[in-house]
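Visitor: Data file start_11.txt (compact mmCIF, C-alpha atoms and all ligand atoms) is appended below.
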```txt
# COMPACT_ATOMS: atom_id res chain seq x y z
CA MET A 146 -26.52 110.96 -30.21
CA ALA A 147 -23.47 108.73 -30.12
CA TYR A 148 -22.57 107.32 -26.76
CA THR A 149 -19.64 108.82 -24.88
CA VAL A 150 -18.26 107.47 -21.64
CA PRO A 151 -19.35 109.76 -18.79
CA LYS A 152 -17.07 110.63 -15.89
CA LEU A 153 -18.32 109.10 -12.66
CA THR A 154 -18.59 111.09 -9.49
CA ASP A 155 -21.01 108.82 -7.68
CA TYR A 156 -19.66 105.32 -7.07
CA SER A 157 -22.70 103.99 -5.23
CA PRO A 158 -23.95 100.59 -6.47
CA GLY A 159 -27.09 102.28 -7.85
CA ALA A 160 -25.11 104.86 -9.82
CA LEU A 161 -22.70 102.20 -11.15
CA GLU A 162 -25.63 100.04 -12.24
CA GLU A 163 -27.26 102.95 -14.04
CA ALA A 164 -24.07 103.89 -15.85
CA ALA A 165 -23.48 100.26 -16.83
CA SER A 166 -26.96 99.72 -18.25
CA GLU A 167 -26.80 102.94 -20.21
CA CYS A 168 -23.56 101.69 -21.71
CA VAL A 169 -24.95 98.23 -22.56
CA GLY A 170 -28.07 99.79 -24.07
CA ALA A 171 -25.97 102.07 -26.26
CA CYS A 172 -23.83 99.16 -27.42
CA ALA A 173 -26.89 97.01 -28.33
CA GLY A 174 -28.47 99.95 -30.14
CA GLU A 175 -25.36 100.48 -32.26
CA ALA A 176 -25.11 96.74 -32.98
CA ALA A 177 -28.63 96.80 -34.43
CA GLU A 178 -27.69 99.55 -36.86
CA VAL A 179 -24.78 97.69 -38.48
CA ARG A 180 -25.53 97.48 -42.21
CA SER A 181 -22.27 96.48 -43.85
CA GLU A 182 -18.99 94.73 -43.20
CA ALA A 183 -17.26 98.12 -43.03
CA GLU A 184 -19.73 99.35 -40.44
CA LEU A 185 -19.26 96.15 -38.46
CA LYS A 186 -15.51 96.67 -38.32
CA ALA A 187 -15.90 100.31 -37.26
CA PHE A 188 -18.37 99.26 -34.56
CA ARG A 189 -16.01 96.62 -33.18
CA ASP A 190 -13.08 99.02 -33.15
CA ARG A 191 -15.10 101.73 -31.45
CA TRP A 192 -16.00 99.44 -28.57
CA MET A 193 -13.06 97.07 -28.29
CA ALA A 194 -9.94 98.82 -29.59
CA ARG A 195 -7.19 98.56 -26.98
CA LYS A 196 -6.17 102.10 -27.68
CA ASN A 197 -9.08 104.36 -26.79
CA GLY A 198 -11.89 101.90 -27.44
CA ILE A 199 -14.91 102.47 -25.21
CA LEU A 200 -13.97 99.57 -22.91
CA THR A 201 -10.49 101.01 -22.46
CA GLN A 202 -11.99 104.39 -21.71
CA ILE A 203 -14.27 102.84 -19.09
CA ASN A 204 -11.28 101.20 -17.52
CA ASP A 205 -9.50 104.50 -17.37
CA LEU A 206 -12.39 106.76 -16.40
CA TRP A 207 -14.33 104.60 -14.03
CA LEU A 208 -11.78 102.29 -12.50
CA LYS A 209 -8.57 104.19 -12.23
CA SER A 210 -10.28 107.30 -10.86
CA ALA A 211 -12.45 105.43 -8.36
CA PRO A 212 -11.93 106.40 -4.73
CA LYS A 213 -10.09 103.76 -2.76
CA ASP A 214 -13.07 102.43 -0.82
CA ALA A 215 -15.17 102.08 -4.00
CA LYS A 216 -12.43 100.37 -6.07
CA ARG A 217 -13.46 96.80 -5.25
CA GLU A 218 -17.14 97.32 -6.03
CA ALA A 219 -16.27 99.31 -9.18
CA GLY A 220 -13.87 96.56 -10.33
CA ILE A 221 -16.56 93.89 -10.09
CA ARG A 222 -19.08 96.08 -11.96
CA VAL A 223 -16.66 97.05 -14.70
CA ASN A 224 -15.65 93.41 -15.26
CA GLU A 225 -19.28 92.44 -15.53
CA LEU A 226 -19.89 95.26 -17.93
CA LYS A 227 -16.89 94.29 -20.09
CA ALA A 228 -18.24 90.76 -20.36
CA ARG A 229 -21.66 92.01 -21.49
CA ILE A 230 -20.19 94.45 -23.99
CA THR A 231 -17.80 91.84 -25.39
CA GLU A 232 -20.72 89.44 -25.85
CA THR A 233 -22.81 92.07 -27.62
CA VAL A 234 -19.95 93.11 -29.88
CA GLU A 235 -19.13 89.51 -30.79
CA ALA A 236 -22.75 88.71 -31.58
CA ALA A 237 -23.15 91.74 -33.82
CA HIS A 238 -23.53 91.02 -37.55
CA VAL A 239 -24.42 92.79 -40.75
CA GLY A 240 -28.14 93.43 -40.92
CA GLY A 241 -28.38 94.32 -37.27
CA ASP A 242 -29.30 92.34 -34.26
CA GLY A 243 -32.83 91.64 -33.15
CA ASN A 244 -33.94 94.31 -35.53
CA SER A 245 -34.30 92.28 -38.72
CA LEU A 246 -37.70 93.74 -39.51
CA ALA A 247 -36.07 97.08 -40.02
CA ALA A 248 -33.43 95.45 -42.20
CA GLU A 249 -36.07 93.72 -44.27
CA GLN A 250 -38.33 96.66 -44.75
CA VAL A 251 -39.39 97.31 -48.32
CA ASP A 252 -40.55 100.44 -49.98
CA ILE A 253 -44.04 99.45 -51.09
CA SER A 254 -44.32 102.53 -53.26
CA LEU A 255 -41.67 101.16 -55.65
CA PRO A 256 -42.93 99.32 -58.77
CA GLY A 257 -42.80 95.51 -58.39
CA VAL A 258 -40.31 93.20 -60.07
CA ARG A 259 -41.76 92.45 -63.50
CA ARG A 260 -41.49 88.82 -64.47
CA PRO A 261 -41.42 88.43 -68.24
CA ILE A 262 -44.23 86.07 -69.20
CA GLY A 263 -43.21 83.52 -71.84
CA ALA A 264 -45.28 82.80 -74.92
CA GLU A 265 -46.70 79.41 -75.78
CA HIS A 266 -44.41 77.60 -78.23
CA PRO A 267 -45.99 77.51 -81.72
CA VAL A 268 -45.91 73.70 -81.73
CA MET A 269 -47.63 73.51 -78.35
CA ARG A 270 -50.13 76.15 -79.40
CA THR A 271 -51.04 74.09 -82.45
CA TRP A 272 -51.14 70.94 -80.30
CA HIS A 273 -53.61 72.56 -77.87
CA GLU A 274 -55.75 73.96 -80.67
CA ILE A 275 -56.10 70.57 -82.34
CA VAL A 276 -56.81 68.78 -79.07
CA SER A 277 -59.45 71.33 -78.11
CA VAL A 278 -61.28 71.00 -81.45
CA PHE A 279 -61.77 67.31 -80.67
CA GLN A 280 -62.50 67.84 -76.99
CA LYS A 281 -65.42 70.02 -78.06
CA LEU A 282 -66.70 67.06 -80.08
CA GLY A 283 -66.66 64.94 -76.92
CA TYR A 284 -63.26 63.29 -77.34
CA SER A 285 -61.08 62.65 -74.30
CA VAL A 286 -57.30 62.83 -74.20
CA ALA A 287 -55.17 59.69 -73.81
CA GLU A 288 -51.41 59.44 -73.56
CA GLY A 289 -48.86 56.66 -73.64
CA PRO A 290 -45.14 55.93 -73.29
CA VAL A 291 -42.52 57.31 -75.69
CA VAL A 292 -40.34 54.22 -75.15
CA GLU A 293 -42.61 51.54 -76.54
CA THR A 294 -42.51 47.83 -77.24
CA ASP A 295 -42.40 46.35 -80.71
CA TYR A 296 -45.81 44.82 -79.94
CA TYR A 297 -47.68 48.11 -79.44
CA ASN A 298 -45.75 50.13 -82.01
CA PHE A 299 -46.01 47.54 -84.78
CA GLU A 300 -47.42 44.07 -84.21
CA ALA A 301 -50.79 44.95 -82.69
CA LEU A 302 -51.22 47.62 -85.37
CA ASN A 303 -51.08 44.89 -87.99
CA PHE A 304 -47.44 45.32 -88.97
CA PRO A 305 -46.36 41.63 -88.71
CA PRO A 306 -42.68 40.93 -87.90
CA ASN A 307 -40.53 41.48 -90.99
CA HIS A 308 -43.41 43.05 -92.90
CA PRO A 309 -42.12 45.64 -95.39
CA ALA A 310 -44.61 48.23 -94.09
CA ARG A 311 -42.24 48.60 -91.12
CA ASP A 312 -39.69 50.12 -93.47
CA THR A 313 -41.89 53.19 -93.95
CA GLN A 314 -41.06 54.27 -90.39
CA ASP A 315 -37.30 54.45 -89.82
CA THR A 316 -37.16 53.25 -86.27
CA LEU A 317 -34.75 54.05 -83.44
CA PHE A 318 -34.31 50.86 -81.42
CA ILE A 319 -33.12 50.68 -77.83
CA ALA A 320 -29.79 48.82 -77.71
CA GLY A 321 -29.26 45.47 -75.98
CA GLN A 322 -32.75 44.03 -76.53
CA GLN A 323 -31.78 41.05 -78.70
CA SER A 324 -32.21 38.47 -75.94
CA LYS A 325 -35.90 39.35 -75.58
CA PRO A 326 -38.70 37.98 -77.76
CA GLN A 327 -39.28 40.45 -80.60
CA ARG A 328 -42.62 41.73 -79.36
CA GLU A 329 -41.08 42.82 -76.04
CA ARG A 330 -38.14 44.68 -77.52
CA LEU A 331 -38.06 48.39 -76.80
CA LEU A 332 -37.91 51.20 -79.32
CA LEU A 333 -38.77 54.88 -79.49
CA ARG A 334 -42.34 54.97 -80.76
CA THR A 335 -42.50 56.09 -84.35
CA HIS A 336 -46.11 57.25 -84.10
CA THR A 337 -48.82 57.82 -81.51
CA SER A 338 -50.90 54.94 -82.91
CA PRO A 339 -49.73 52.41 -80.24
CA VAL A 340 -51.84 54.34 -77.73
CA GLN A 341 -54.92 53.24 -79.72
CA ILE A 342 -54.22 49.66 -78.61
CA ARG A 343 -53.21 50.63 -75.08
CA THR A 344 -56.45 52.58 -74.63
CA MET A 345 -58.67 49.88 -76.12
CA GLU A 346 -57.09 47.38 -73.70
CA LYS A 347 -58.22 49.58 -70.81
CA MET A 348 -61.54 51.04 -72.00
CA ARG A 349 -64.44 49.18 -73.52
CA PRO A 350 -66.29 50.64 -76.51
CA PRO A 351 -67.66 53.13 -77.28
CA ILE A 352 -64.56 55.35 -77.18
CA ARG A 353 -63.56 58.66 -78.68
CA ILE A 354 -60.01 59.72 -77.91
CA VAL A 355 -57.29 62.02 -79.14
CA ILE A 356 -53.69 61.10 -78.39
CA PRO A 357 -51.11 63.87 -78.56
CA GLY A 358 -47.47 62.97 -78.07
CA THR A 359 -43.82 63.00 -78.99
CA VAL A 360 -42.52 60.49 -81.54
CA HIS A 361 -39.08 59.70 -82.96
CA ARG A 362 -37.75 58.51 -86.29
CA ASN A 363 -34.28 57.95 -87.62
CA ASP A 364 -34.59 60.87 -90.06
CA PRO A 365 -31.62 63.19 -90.45
CA PRO A 366 -32.64 66.74 -89.54
CA ASP A 367 -33.39 69.09 -92.45
CA ALA A 368 -35.90 71.83 -93.19
CA SER A 369 -38.84 69.41 -93.12
CA HIS A 370 -37.56 66.53 -90.94
CA SER A 371 -36.62 66.21 -87.32
CA PRO A 372 -35.74 62.97 -85.49
CA MET A 373 -38.19 64.10 -82.80
CA PHE A 374 -41.58 65.49 -83.69
CA HIS A 375 -45.19 65.53 -82.49
CA GLN A 376 -48.32 63.76 -83.59
CA ILE A 377 -51.97 63.78 -82.69
CA GLU A 378 -53.86 60.58 -83.19
CA GLY A 379 -57.60 60.14 -83.08
CA LEU A 380 -59.75 57.07 -82.59
CA ALA A 381 -63.51 56.62 -82.49
CA VAL A 382 -65.06 53.19 -82.01
CA ASP A 383 -68.74 52.37 -81.62
CA ASN A 384 -71.45 50.31 -83.30
CA ASN A 385 -72.05 51.51 -86.83
CA ILE A 386 -69.24 54.03 -87.29
CA THR A 387 -68.88 54.64 -91.00
CA PHE A 388 -66.48 56.34 -93.40
CA GLY A 389 -69.11 59.11 -93.59
CA ASP A 390 -68.53 59.81 -89.88
CA LEU A 391 -64.80 60.01 -90.51
CA LYS A 392 -65.27 62.47 -93.37
CA GLY A 393 -67.74 64.65 -91.46
CA THR A 394 -65.57 64.75 -88.34
CA LEU A 395 -62.36 65.62 -90.14
CA ASP A 396 -64.04 68.14 -92.44
CA HIS A 397 -65.41 69.93 -89.37
CA ALA A 398 -62.02 69.78 -87.61
CA MET A 399 -60.15 71.23 -90.62
CA LYS A 400 -62.65 74.08 -91.00
CA THR A 401 -62.26 74.92 -87.32
CA LEU A 402 -58.46 74.82 -87.54
CA PHE A 403 -57.88 76.53 -90.86
CA GLY A 404 -61.00 78.58 -91.47
CA SER A 405 -64.50 77.78 -92.71
CA SER A 406 -63.62 78.30 -96.36
CA VAL A 407 -61.21 75.33 -96.61
CA LYS A 408 -62.38 72.34 -98.57
CA THR A 409 -61.35 68.78 -97.79
CA HIS A 410 -60.51 65.99 -100.15
CA PHE A 411 -59.74 62.31 -99.41
CA ARG A 412 -57.36 60.25 -101.53
CA PRO A 413 -56.87 56.51 -101.20
CA SER A 414 -53.75 55.44 -99.33
CA PHE A 415 -52.37 52.55 -97.32
CA PHE A 416 -51.75 52.05 -93.62
CA PRO A 417 -51.57 48.55 -92.13
CA PHE A 418 -53.94 49.43 -89.30
CA THR A 419 -56.75 50.97 -91.38
CA GLU A 420 -58.78 49.57 -94.25
CA PRO A 421 -59.69 51.44 -96.35
CA SER A 422 -57.06 54.10 -95.71
CA ALA A 423 -56.89 57.66 -96.97
CA GLU A 424 -54.86 60.80 -96.95
CA LEU A 425 -56.72 63.98 -96.19
CA TYR A 426 -55.96 67.08 -98.22
CA VAL A 427 -57.22 70.59 -97.53
CA THR A 428 -57.30 73.48 -99.96
CA CYS A 429 -54.07 75.40 -99.55
CA PHE A 430 -54.71 78.12 -96.98
CA ILE A 431 -51.84 80.14 -98.39
CA CYS A 432 -53.09 80.47 -101.98
CA GLY A 433 -56.71 79.57 -101.30
CA GLY A 434 -56.50 76.58 -103.66
CA SER A 435 -55.42 78.42 -106.78
CA GLY A 436 -51.80 77.18 -106.68
CA LYS A 437 -50.66 80.74 -107.39
CA ARG A 438 -49.57 83.72 -105.37
CA GLY A 439 -49.96 86.65 -107.68
CA ALA A 440 -47.74 85.92 -110.64
CA ASP A 441 -45.67 83.39 -108.65
CA SER A 442 -46.43 79.78 -107.97
CA CYS A 443 -47.44 78.80 -104.44
CA ARG A 444 -44.65 76.90 -102.68
CA PRO A 445 -46.37 75.26 -99.68
CA CYS A 446 -48.81 73.35 -101.92
CA LYS A 447 -46.31 72.93 -104.78
CA GLN A 448 -48.80 74.73 -107.05
CA THR A 449 -51.39 72.01 -106.65
CA GLY A 450 -53.76 74.05 -104.47
CA TRP A 451 -53.98 71.12 -102.05
CA ILE A 452 -52.00 70.30 -98.91
CA GLU A 453 -51.84 66.85 -97.33
CA VAL A 454 -52.59 67.14 -93.64
CA LEU A 455 -53.08 63.66 -92.24
CA GLY A 456 -53.53 59.93 -92.67
CA CYS A 457 -56.76 58.21 -91.71
CA GLY A 458 -59.04 55.28 -92.35
CA MET A 459 -61.44 52.71 -90.93
CA VAL A 460 -59.83 50.62 -88.18
CA ASP A 461 -58.68 47.32 -89.73
CA PRO A 462 -60.55 44.30 -88.27
CA ASN A 463 -57.13 42.70 -87.65
CA VAL A 464 -56.39 45.49 -85.13
CA PHE A 465 -59.64 44.80 -83.26
CA GLU A 466 -58.64 41.12 -83.05
CA PHE A 467 -55.82 42.14 -80.66
CA VAL A 468 -58.31 43.72 -78.23
CA LYS A 469 -61.32 41.50 -78.95
CA HIS A 470 -61.33 40.29 -75.31
CA ASN A 471 -62.24 43.82 -74.16
CA GLY A 472 -65.42 44.17 -76.21
CA TYR A 473 -63.91 44.98 -79.60
CA ASP A 474 -65.40 42.17 -81.67
CA PRO A 475 -64.76 43.27 -85.26
CA LYS A 476 -68.14 41.78 -86.20
CA LYS A 477 -69.90 44.10 -83.76
CA VAL A 478 -67.91 47.32 -83.64
CA SER A 479 -66.34 49.58 -86.21
CA GLY A 480 -64.30 52.72 -85.97
CA PHE A 481 -62.14 55.26 -87.64
CA ALA A 482 -58.67 56.56 -86.85
CA PHE A 483 -56.49 59.41 -87.99
CA GLY A 484 -53.03 60.74 -87.27
CA MET A 485 -51.43 64.09 -88.03
CA GLY A 486 -48.07 65.76 -87.57
CA VAL A 487 -48.40 68.75 -85.26
CA ASP A 488 -45.09 70.35 -86.28
CA ARG A 489 -45.95 70.13 -89.96
CA LEU A 490 -49.30 71.79 -89.37
CA ALA A 491 -47.61 74.49 -87.24
CA LEU A 492 -45.14 75.12 -90.11
CA LEU A 493 -48.03 75.61 -92.52
CA LYS A 494 -50.18 77.61 -90.14
CA TYR A 495 -47.45 80.11 -89.25
CA GLY A 496 -45.66 80.14 -92.60
CA VAL A 497 -42.37 78.89 -91.10
CA ASP A 498 -40.04 77.36 -93.67
CA ASP A 499 -37.68 75.31 -91.47
CA ILE A 500 -38.84 72.83 -88.81
CA GLN A 501 -35.44 73.12 -87.07
CA LEU A 502 -36.40 76.63 -85.93
CA PHE A 503 -38.99 75.05 -83.65
CA PHE A 504 -36.39 73.14 -81.66
CA GLN A 505 -33.37 75.44 -81.56
CA GLY A 506 -34.75 77.58 -78.75
CA ASP A 507 -33.69 80.84 -80.41
CA VAL A 508 -35.56 83.51 -78.47
CA ARG A 509 -35.54 85.88 -81.48
CA PHE A 510 -37.60 83.31 -83.38
CA LEU A 511 -39.89 82.36 -80.51
CA GLN A 512 -40.58 85.98 -79.49
CA GLN A 513 -42.51 86.44 -82.72
CA PHE A 514 -45.23 84.20 -81.30
CA GLY A 515 -45.55 86.21 -78.07
N1 LIG B 601 -49.44 56.50 -87.68
C1 LIG B 601 -49.39 57.06 -89.02
C2 LIG B 601 -48.01 57.64 -89.28
O1 LIG B 601 -47.33 57.97 -88.36
C3 LIG B 601 -50.43 58.14 -89.17
C4 LIG B 601 -51.79 57.56 -89.20
C5 LIG B 601 -52.37 57.20 -90.39
C6 LIG B 601 -52.49 57.36 -88.03
C7 LIG B 601 -53.63 56.64 -90.43
C8 LIG B 601 -53.76 56.82 -88.05
C9 LIG B 601 -54.32 56.46 -89.27
O2 LIG B 601 -54.47 56.60 -86.94
O3 LIG B 601 -55.58 55.91 -89.30
O4 LIG B 601 -47.63 57.75 -90.41
```
Hey, can you dump this file as structure tokens for me?
Ligand code: DAH
Guide:
Amino acid sequence: MAYTVPKLTDYSPGALEEAASECVGACAGEAAEVRSEAELKAFRDRWMARKNGILTQINDLWLKSAPKDAKREAGIRVNELKARITETVEAAHVGGDGNSLAAEQVDISLPGVRRPIGAEHPVMRTWHEIVSVFQKLGYSVAEGPVVETDYYNFEALNFPPNHPARDTQDTLFIAGQQSKPQRERLLLRTHTSPVQIRTMEKMRPPIRIVIPGTVHRNDPPDASHSPMFHQIEGLAVDNNITFGDLKGTLDHAMKTLFGSSVKTHFRPSFFPFTEPSAELYVTCFICGGSGKRGADSCRPCKQTGWIEVLGCGMVDPNVFEFVKHNGYDPKKVSGFAFGMGVDRLALLKYGVDDIQLFFQGDVRFLQQFG
């Protein structure tokens, strides 16, 4: 029941004290129930309003009607009471006072707030699938910097300064590097291959690593190019690693990634850091190798029945020369390497026809992979 100011008949100190504490208790109780700014204002007015607020009523009912001999005592009590009430009213705030547990109570029978769980991006899904195929073969994961030096990106991979092979990778250079020796100049790595050198500098043979990462090239964006894309590199070095090991490993990896019925096929190629070098083709997993889709020709493989998936080869002895000091004597060790474009494989795997869709962040596109 709401508090109303009682009339006093007994002005003994005990009775005054009792009336005062009842009043203070009522005020504190109401303060704790304040739940909004509007309620706060109403509460303040009820207690403090000059015209007929509770304090004014107390003044009128308790003080003015006090018998003469009790006036002094009543005056002291009422002043004390006013101070306590004013303090309580001023301290009151929305949400109540000293009763925050009540304000914070939740209805545990309500359903919880559902957080929408995102889906793995198709490029990252492909990335993880490829990495895990090699992890199961005993490979570990290595990573390296995206801003790289000319030395690691080119020179130590057997692209000598000014060699035309550098032209095959349109490079984005960091500005203002001209005062440095060429090998120290910074650029955005054009491939993940520099991490081969960085890892061989740190780890002695034998090694088996996969190197996923972001790379950049000065390619204008179109349906099959993006200035930023992803690669996964592989490197295995030991005594007696042969081209047969390379073929067996990659054949197994392709069957795991694209299904056991795919066939692999190696064609000679050139990369400065491998000799011999090859491109790996797999039978088109869209048309199954026939080059046809019903009466139409198969687009992804350009009717050939074969799709190029990566570059590979036996590590060139010139590359080992750069890390010879760490146990990579080209007369004693041999190895193979490979590198593939994750985005390109994701395009093929999911039948997406424009690489730009991967990077535009359009939820309508990405939701399809949820
Ligand atoms: N780095 C090459 C590129 O970006 C791909 C590559 C080819 C990597 C052959 C290799 C390799 O490790 O052996 O075009």
Visitor: Find the nearest atom pair between each residue of chain A and ligand LIG 601 (chain B) for residues within 8 Å, count all atoms listed in the file, give distances in Å to one decimal, sort rows by chain and ascending number, and present the table as a tab-separated table.
Guide:
```
residue	atom	partner	partner_atom	distance
A:Gln314	CA	B:LIG601	O4	7.4
A:Thr335	CA	B:LIG601	O1	6.6
A:His336	CA	B:LIG601	O1	4.5
A:Thr337	CA	B:LIG601	N1	6.3
A:Ser338	CA	B:LIG601	N1	5.2
A:Gln341	CA	B:LIG601	O2	8.0
A:Gln376	CA	B:LIG601	O1	7.6
A:Glu378	CA	B:LIG601	O2	5.5
A:Gly379	CA	B:LIG601	O2	6.1
A:Leu380	CA	B:LIG601	O2	6.9
A:Phe416	CA	B:LIG601	C7	5.9
A:Phe418	CA	B:LIG601	O3	6.7
A:Thr419	CA	B:LIG601	O3	5.5
A:Ser422	CA	B:LIG601	C7	6.8
A:Ala423	CA	B:LIG601	C7	7.4
A:Glu424	CA	B:LIG601	C7	7.8
A:Leu455	CA	B:LIG601	C5	6.8
A:Gly456	CA	B:LIG601	C5	3.7
A:Cys457	CA	B:LIG601	O3	3.5
A:Gly458	CA	B:LIG601	O3	4.7
A:Met459	CA	B:LIG601	O3	6.9
A:Val460	CA	B:LIG601	O3	6.9
A:Phe481	CA	B:LIG601	O3	6.8
A:Ala482	CA	B:LIG601	O3	4.0
A:Phe483	CA	B:LIG601	O2	3.6
A:Gly484	CA	B:LIG601	C6	3.5
A:Met485	CA	B:LIG601	C3	6.1
A:Gly486	CA	B:LIG601	O1	7.9
```
Visitor: Between A:Gly450, A:Gly321, A:Pro212, A:Gly220, single out the one closest to Thr154 of chain A, counting only C-alpha atoms.
Guide: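 Among the listed residues, A:Pro212 lies closest to Thr154 of chain A.
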Visitor: With only C-alpha atoms as the basis for distance, which of A:Val360, A:Leu511, A:Ala147, A:Leu331 is at the shortest distance from Phe374 of chain A?
Guide: A:Val360
Visitor: Tell me which residues come within 12 Å of (-40.1, 46.1, -76.5), as JSON, numbers by chain, counting all atoms listed in the file in the file's coordinates.
Guide: {"A": [290, 291, 292, 293, 294, 295, 296, 297, 298, 299, 300, 317, 318, 319, 320, 321, 322, 323, 324, 325, 326, 327, 328, 329, 330, 331, 332, 333, 334]}
Visitor: Which is closest to Gly170 of chain A among A:His370, A:Arg229, A:Lys477, A:His273, if we use all atoms listed in the file?
Guide: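 So, comparing all the options, the nearest one is A:Arg229.
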Visitor: Using all atoms listed in the file, which of the listed residues (A:Phe388, A:Phe411, A:Phe403, A:Trp207) sits closest to Asp155 of chain A?
Guide: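 The answer is A:Trp207, which sits nearest to Asp155 of chain A.
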Visitor: Between atom CA of Thr394 of chain A and atom CA of Phe415 of chain A, what is the distance in Å, rounded to a tenth?
Guide: 20.1 Å
Visitor: Can you fill out segment 330-350 of chain A with N, CA and C atoms and hand it back as a PDB file, in the frame of the given file?
Guide:
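Written file, result00.pdb:
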```pdb
ATOM      1  N   ARG A 330     -39.299  43.788 -77.352  1.00  0.00           N
ATOM      2  CA  ARG A 330     -38.140  44.680 -77.520  1.00  0.00           C
ATOM      3  C   ARG A 330     -38.569  46.139 -77.521  1.00  0.00           C
ATOM      4  N   LEU A 331     -37.712  46.977 -76.939  1.00  0.00           N
ATOM      5  CA  LEU A 331     -38.060  48.390 -76.800  1.00  0.00           C
ATOM      6  C   LEU A 331     -37.544  49.232 -77.964  1.00  0.00           C
ATOM      7  N   LEU A 332     -38.291  50.255 -78.260  1.00  0.00           N
ATOM      8  CA  LEU A 332     -37.910  51.200 -79.320  1.00  0.00           C
ATOM      9  C   LEU A 332     -38.511  52.552 -78.960  1.00  0.00           C
ATOM     10  N   LEU A 333     -38.107  53.591 -79.668  1.00  0.00           N
ATOM     11  CA  LEU A 333     -38.770  54.880 -79.490  1.00  0.00           C
ATOM     12  C   LEU A 333     -39.975  54.874 -80.422  1.00  0.00           C
ATOM     13  N   ARG A 334     -41.151  55.098 -79.908  1.00  0.00           N
ATOM     14  CA  ARG A 334     -42.340  54.970 -80.760  1.00  0.00           C
ATOM     15  C   ARG A 334     -42.214  55.882 -81.968  1.00  0.00           C
ATOM     16  N   THR A 335     -42.628  55.346 -83.103  1.00  0.00           N
ATOM     17  CA  THR A 335     -42.500  56.090 -84.350  1.00  0.00           C
ATOM     18  C   THR A 335     -43.768  56.863 -84.669  1.00  0.00           C
ATOM     19  N   HIS A 336     -44.830  56.558 -83.928  1.00  0.00           N
ATOM     20  CA  HIS A 336     -46.110  57.250 -84.100  1.00  0.00           C
ATOM     21  C   HIS A 336     -46.912  57.128 -82.805  1.00  0.00           C
ATOM     22  N   THR A 337     -48.006  57.889 -82.724  1.00  0.00           N
ATOM     23  CA  THR A 337     -48.820  57.820 -81.510  1.00  0.00           C
ATOM     24  C   THR A 337     -49.861  56.698 -81.592  1.00  0.00           C
ATOM     25  N   SER A 338     -49.887  56.000 -82.725  1.00  0.00           N
ATOM     26  CA  SER A 338     -50.900  54.940 -82.910  1.00  0.00           C
ATOM     27  C   SER A 338     -50.865  53.834 -81.854  1.00  0.00           C
ATOM     28  N   PRO A 339     -49.688  53.470 -81.262  1.00  0.00           N
ATOM     29  CA  PRO A 339     -49.730  52.410 -80.240  1.00  0.00           C
ATOM     30  C   PRO A 339     -50.686  52.718 -79.088  1.00  0.00           C
ATOM     31  N   VAL A 340     -50.947  54.003 -78.850  1.00  0.00           N
ATOM     32  CA  VAL A 340     -51.840  54.340 -77.730  1.00  0.00           C
ATOM     33  C   VAL A 340     -53.294  53.967 -78.073  1.00  0.00           C
ATOM     34  N   GLN A 341     -53.591  53.778 -79.360  1.00  0.00           N
ATOM     35  CA  GLN A 341     -54.920  53.240 -79.720  1.00  0.00           C
ATOM     36  C   GLN A 341     -55.116  51.891 -79.032  1.00  0.00           C
ATOM     37  N   ILE A 342     -54.121  51.007 -79.179  1.00  0.00           N
ATOM     38  CA  ILE A 342     -54.220  49.660 -78.610  1.00  0.00           C
ATOM     39  C   ILE A 342     -54.236  49.743 -77.078  1.00  0.00           C
ATOM     40  N   ARG A 343     -53.290  50.527 -76.543  1.00  0.00           N
ATOM     41  CA  ARG A 343     -53.210  50.630 -75.080  1.00  0.00           C
ATOM     42  C   ARG A 343     -54.530  51.120 -74.492  1.00  0.00           C
ATOM     43  N   THR A 344     -55.191  52.047 -75.178  1.00  0.00           N
ATOM     44  CA  THR A 344     -56.450  52.580 -74.630  1.00  0.00           C
ATOM     45  C   THR A 344     -57.574  51.554 -74.788  1.00  0.00           C
ATOM     46  N   MET A 345     -57.600  50.871 -75.927  1.00  0.00           N
ATOM     47  CA  MET A 345     -58.670  49.880 -76.120  1.00  0.00           C
ATOM     48  C   MET A 345     -58.522  48.708 -75.145  1.00  0.00           C
ATOM     49  N   GLU A 346     -57.283  48.438 -74.702  1.00  0.00           N
ATOM     50  CA  GLU A 346     -57.090  47.380 -73.700  1.00  0.00           C
ATOM     51  C   GLU A 346     -57.712  47.781 -72.363  1.00  0.00           C
ATOM     52  N   LYS A 347     -57.743  49.102 -72.121  1.00  0.00           N
ATOM     53  CA  LYS A 347     -58.220  49.580 -70.810  1.00  0.00           C
ATOM     54  C   LYS A 347     -59.703  49.970 -70.824  1.00  0.00           C
ATOM     55  N   MET A 348     -60.171  50.506 -71.968  1.00  0.00           N
ATOM     56  CA  MET A 348     -61.540  51.040 -72.000  1.00  0.00           C
ATOM     57  C   MET A 348     -62.374  50.269 -73.015  1.00  0.00           C
ATOM     58  N   ARG A 349     -63.550  49.902 -72.603  1.00  0.00           N
ATOM     59  CA  ARG A 349     -64.440  49.180 -73.520  1.00  0.00           C
ATOM     60  C   ARG A 349     -65.105  50.182 -74.457  1.00  0.00           C
ATOM     61  N   PRO A 350     -65.597  49.709 -75.605  1.00  0.00           N
ATOM     62  CA  PRO A 350     -66.290  50.640 -76.510  1.00  0.00           C
ATOM     63  C   PRO A 350     -67.611  51.085 -75.874  1.00  0.00           C
TER      64      PRO A 350
END
```
